[in-house]
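A.B. asks: Pasting in a structure now, in structure tokens, and then I'll have a few things to ask.
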Amino acid sequence: MSPWGDVVDELMRYTTLKIEIADDSLRQLPVGGTFQTSPEGAEALLRMLQDGFGTKIRRIDADHVNIEGPAE
């Protein structure tokens, strides 16, 4: 298991998408699994964070995403 922050950092090595996690507690949340190291994998990760963890995904532009704590 690895913290979300490490997973996101590793995934960003393989895509031009810049993903920022605004919530430090979310960065530390442990996660296990396999993620495809591609733009499609990044989108899958974002969907999982939003659907599975209730995070708020805010697209700043086509290449920049901000992840915030649970959506209200």
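By order in the structure tokens, chains are A, B, ...; within a chain, residues start at 1; ligands start at 1, following the order shown.
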Neighbours of Val7 in chain A within 12 Å (only C-alpha atoms; same-chain residues fewer than 6 positions away dropped), as an mmCIF file with N, CA, C and O atoms, in the first residue's frame?

C.D. replies:
```
data_model
loop_
_atom_site.group_PDB
_atom_site.id
_atom_site.type_symbol
_atom_site.label_atom_id
_atom_site.label_comp_id
_atom_site.auth_asym_id
_atom_site.auth_seq_id
_atom_site.Cartn_x
_atom_site.Cartn_y
_atom_site.Cartn_z
ATOM 1 N N MET A 1 0.853 -1.175 0.000
ATOM 2 C CA MET A 1 0.000 0.000 0.000
ATOM 3 C C MET A 1 0.898 1.238 0.000
ATOM 4 O O MET A 1 1.935 1.250 0.646
ATOM 5 N N ARG A 13 4.571 11.212 -13.808
ATOM 6 C CA ARG A 13 5.793 11.008 -14.591
ATOM 7 C C ARG A 13 5.480 10.531 -16.003
ATOM 8 O O ARG A 13 6.301 10.640 -16.899
ATOM 9 N N TYR A 14 4.267 9.996 -16.217
ATOM 10 C CA TYR A 14 3.906 9.369 -17.484
ATOM 11 C C TYR A 14 2.819 10.125 -18.252
ATOM 12 O O TYR A 14 2.311 9.620 -19.243
ATOM 13 N N ILE A 19 -1.418 17.079 -11.598
ATOM 14 C CA ILE A 19 -2.440 16.788 -10.599
ATOM 15 C C ILE A 19 -1.946 17.278 -9.249
ATOM 16 O O ILE A 19 -0.884 16.866 -8.792
ATOM 17 N N GLU A 20 -2.716 18.166 -8.634
ATOM 18 C CA GLU A 20 -2.374 18.681 -7.310
ATOM 19 C C GLU A 20 -3.411 18.202 -6.308
ATOM 20 O O GLU A 20 -4.611 18.275 -6.565
ATOM 21 N N ILE A 21 -2.933 17.709 -5.171
ATOM 22 C CA ILE A 21 -3.835 17.300 -4.089
ATOM 23 C C ILE A 21 -3.775 18.390 -3.022
ATOM 24 O O ILE A 21 -2.752 18.583 -2.386
ATOM 25 N N LEU A 26 -5.625 13.664 2.478
ATOM 26 C CA LEU A 26 -5.889 12.825 1.312
ATOM 27 C C LEU A 26 -4.583 12.322 0.701
ATOM 28 O O LEU A 26 -4.491 11.182 0.266
ATOM 29 N N ARG A 27 -3.555 13.157 0.687
ATOM 30 C CA ARG A 27 -2.243 12.735 0.161
ATOM 31 C C ARG A 27 -1.690 11.552 0.946
ATOM 32 O O ARG A 27 -0.990 10.722 0.398
ATOM 33 N N GLN A 28 -2.008 11.462 2.230
ATOM 34 C CA GLN A 28 -1.476 10.406 3.093
ATOM 35 C C GLN A 28 -2.340 9.149 3.128
ATOM 36 O O GLN A 28 -1.920 8.119 3.642
ATOM 37 N N LEU A 29 -3.549 9.213 2.560
ATOM 38 C CA LEU A 29 -4.470 8.081 2.584
ATOM 39 C C LEU A 29 -3.860 6.881 1.851
ATOM 40 O O LEU A 29 -3.466 6.995 0.691
ATOM 41 N N PRO A 30 -3.734 5.731 2.520
ATOM 42 C CA PRO A 30 -3.127 4.570 1.872
ATOM 43 C C PRO A 30 -4.056 3.951 0.832
ATOM 44 O O PRO A 30 -5.273 3.904 1.018
ATOM 45 N N VAL A 31 -3.469 3.518 -0.258
ATOM 46 C CA VAL A 31 -4.230 2.891 -1.332
ATOM 47 C C VAL A 31 -3.424 1.739 -1.905
ATOM 48 O O VAL A 31 -2.194 1.774 -1.927
ATOM 49 N N GLY A 32 -4.103 0.717 -2.336
ATOM 50 C CA GLY A 32 -3.452 -0.405 -2.993
ATOM 51 C C GLY A 32 -4.115 -0.628 -4.339
ATOM 52 O O GLY A 32 -5.263 -0.278 -4.548
ATOM 53 N N GLY A 33 -3.385 -1.175 -5.260
ATOM 54 C CA GLY A 33 -3.949 -1.453 -6.566
ATOM 55 C C GLY A 33 -2.954 -1.166 -7.660
ATOM 56 O O GLY A 33 -1.804 -0.819 -7.412
ATOM 57 N N THR A 34 -3.425 -1.302 -8.882
ATOM 58 C CA THR A 34 -2.599 -1.082 -10.060
ATOM 59 C C THR A 34 -3.238 0.001 -10.903
ATOM 60 O O THR A 34 -4.446 -0.034 -11.146
ATOM 61 N N PHE A 35 -2.436 0.952 -11.348
ATOM 62 C CA PHE A 35 -2.914 2.037 -12.192
ATOM 63 C C PHE A 35 -2.080 2.076 -13.460
ATOM 64 O O PHE A 35 -0.860 1.962 -13.406
ATOM 65 N N GLN A 36 -2.765 2.224 -14.578
ATOM 66 C CA GLN A 36 -2.089 2.298 -15.861
ATOM 67 C C GLN A 36 -1.316 3.614 -15.946
ATOM 68 O O GLN A 36 -1.856 4.675 -15.662
ATOM 69 N N THR A 37 -0.045 3.543 -16.315
ATOM 70 C CA THR A 37 0.783 4.745 -16.426
ATOM 71 C C THR A 37 0.610 5.350 -17.817
ATOM 72 O O THR A 37 1.431 5.176 -18.705
ATOM 73 N N GLY A 41 -4.893 6.208 -17.637
ATOM 74 C CA GLY A 41 -4.733 5.813 -16.239
ATOM 75 C C GLY A 41 -4.951 6.982 -15.302
ATOM 76 O O GLY A 41 -5.532 6.830 -14.230
ATOM 77 N N ALA A 42 -4.484 8.151 -15.696
ATOM 78 C CA ALA A 42 -4.683 9.352 -14.880
ATOM 79 C C ALA A 42 -6.167 9.669 -14.763
ATOM 80 O O ALA A 42 -6.661 9.989 -13.678
ATOM 81 N N LEU A 45 -7.785 7.221 -12.429
ATOM 82 C CA LEU A 45 -7.469 7.568 -11.043
ATOM 83 C C LEU A 45 -8.359 8.706 -10.554
ATOM 84 O O LEU A 45 -8.908 8.655 -9.454
ATOM 85 N N LEU A 46 -8.535 9.730 -11.374
ATOM 86 C CA LEU A 46 -9.386 10.856 -10.988
ATOM 87 C C LEU A 46 -10.820 10.405 -10.759
ATOM 88 O O LEU A 46 -11.464 10.823 -9.789
ATOM 89 N N LEU A 49 -10.982 8.548 -7.449
ATOM 90 C CA LEU A 49 -10.917 9.465 -6.312
ATOM 91 C C LEU A 49 -12.257 10.163 -6.090
ATOM 92 O O LEU A 49 -12.707 10.330 -4.963
#
```

A.B. asks: If you run DSSP on the backbone here, which positions in chain A get helix (DSSP H, G or I)? Please write them as a list in words.

C.D. replies: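 Everything in chain A that counts as helix (DSSP H, G or I) is Trp4, Gly5, Asp6, Val7, Val8, Asp9, Glu10, Leu11, Met12, Asp24, Ser25, Leu26, Arg27, Gln28, Pro39, Glu40, Gly41, Ala42, Glu43, Ala44, Leu45, Leu46, Arg47, Met48, Leu49, Gln50, Asp51, Gly52 and Phe53 of chain A.
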
A.B. asks: Output C-alpha atoms of each residue in that selection to a file, as a PDB file, in the first residue's frame.

C.D. replies:
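The new file part.pdb reads:
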```pdb
ATOM      1  CA  TRP A   4      -2.276   8.639  -2.632  1.00  0.00           C
ATOM      2  CA  GLY A   5       0.322  11.396  -2.920  1.00  0.00           C
ATOM      3  CA  ASP A   6       2.994   8.906  -3.996  1.00  0.00           C
ATOM      4  CA  VAL A   7       0.635   7.256  -6.488  1.00  0.00           C
ATOM      5  CA  VAL A   8      -0.247  10.616  -8.046  1.00  0.00           C
ATOM      6  CA  ASP A   9       3.410  11.706  -8.156  1.00  0.00           C
ATOM      7  CA  GLU A  10       4.408   8.482  -9.929  1.00  0.00           C
ATOM      8  CA  LEU A  11       1.530   8.703 -12.389  1.00  0.00           C
ATOM      9  CA  MET A  12       2.447  12.287 -13.321  1.00  0.00           C
ATOM     10  CA  ASP A  24      -2.734  16.763   2.993  1.00  0.00           C
ATOM     11  CA  SER A  25      -4.811  14.111   4.734  1.00  0.00           C
ATOM     12  CA  LEU A  26      -5.889  12.825   1.312  1.00  0.00           C
ATOM     13  CA  ARG A  27      -2.243  12.735   0.161  1.00  0.00           C
ATOM     14  CA  GLN A  28      -1.476  10.406   3.093  1.00  0.00           C
ATOM     15  CA  PRO A  39      -3.263   9.601 -19.727  1.00  0.00           C
ATOM     16  CA  GLU A  40      -6.109   7.067 -19.559  1.00  0.00           C
ATOM     17  CA  GLY A  41      -4.733   5.813 -16.239  1.00  0.00           C
ATOM     18  CA  ALA A  42      -4.683   9.352 -14.880  1.00  0.00           C
ATOM     19  CA  GLU A  43      -8.331   9.838 -15.842  1.00  0.00           C
ATOM     20  CA  ALA A  44      -9.227   6.499 -14.242  1.00  0.00           C
ATOM     21  CA  LEU A  45      -7.469   7.568 -11.043  1.00  0.00           C
ATOM     22  CA  LEU A  46      -9.386  10.856 -10.988  1.00  0.00           C
ATOM     23  CA  ARG A  47     -12.705   9.036 -11.464  1.00  0.00           C
ATOM     24  CA  MET A  48     -11.851   6.622  -8.664  1.00  0.00           C
ATOM     25  CA  LEU A  49     -10.917   9.465  -6.312  1.00  0.00           C
ATOM     26  CA  GLN A  50     -14.163  11.259  -7.064  1.00  0.00           C
ATOM     27  CA  ASP A  51     -16.509   8.264  -7.091  1.00  0.00           C
ATOM     28  CA  GLY A  52     -14.847   6.096  -4.445  1.00  0.00           C
ATOM     29  CA  PHE A  53     -13.591   8.691  -1.995  1.00  0.00           C
TER      30      PHE A  53
END
```

A.B. asks: Skip Asp23 in chain A itself and residues of its chain fewer than 5 positions away, then list as a list in words all residues within 8 Å of it, counting only C-alpha atoms.

C.D. replies: Ile67, Glu68 and Gly69 of chain A

A.B. asks: Can I get the selection written as a short mmCIF file (atom, residue, chain, number, x, y, z; two decimals), in the first residue's frame, with C-alpha atoms?

C.D. replies:
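What follows is the written file out-v3.cif:
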```
data_model
loop_
_atom_site.label_atom_id
_atom_site.label_comp_id
_atom_site.auth_asym_id
_atom_site.auth_seq_id
_atom_site.Cartn_x
_atom_site.Cartn_y
_atom_site.Cartn_z
CA ILE A 67 -8.09 17.47 -6.00
CA GLU A 68 -9.77 18.66 -2.84
CA GLY A 69 -11.10 16.78 0.18
#
```

A.B. asks: So what do you get for CA of Ser2 in chain A versus CA of Ile60 in chain A, distance-wise?

C.D. replies: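 Result for CA of Ser2 in chain A versus CA of Ile60 in chain A: 26.3 Å, one decimal.
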
A.B. asks: Suppose you want the space between CA of Arg58 in chain A and CA of Thr16 in chain A; what is it in Å?

C.D. replies: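 CA of Thr16 in chain A lies 16.5 Å from CA of Arg58 in chain A.
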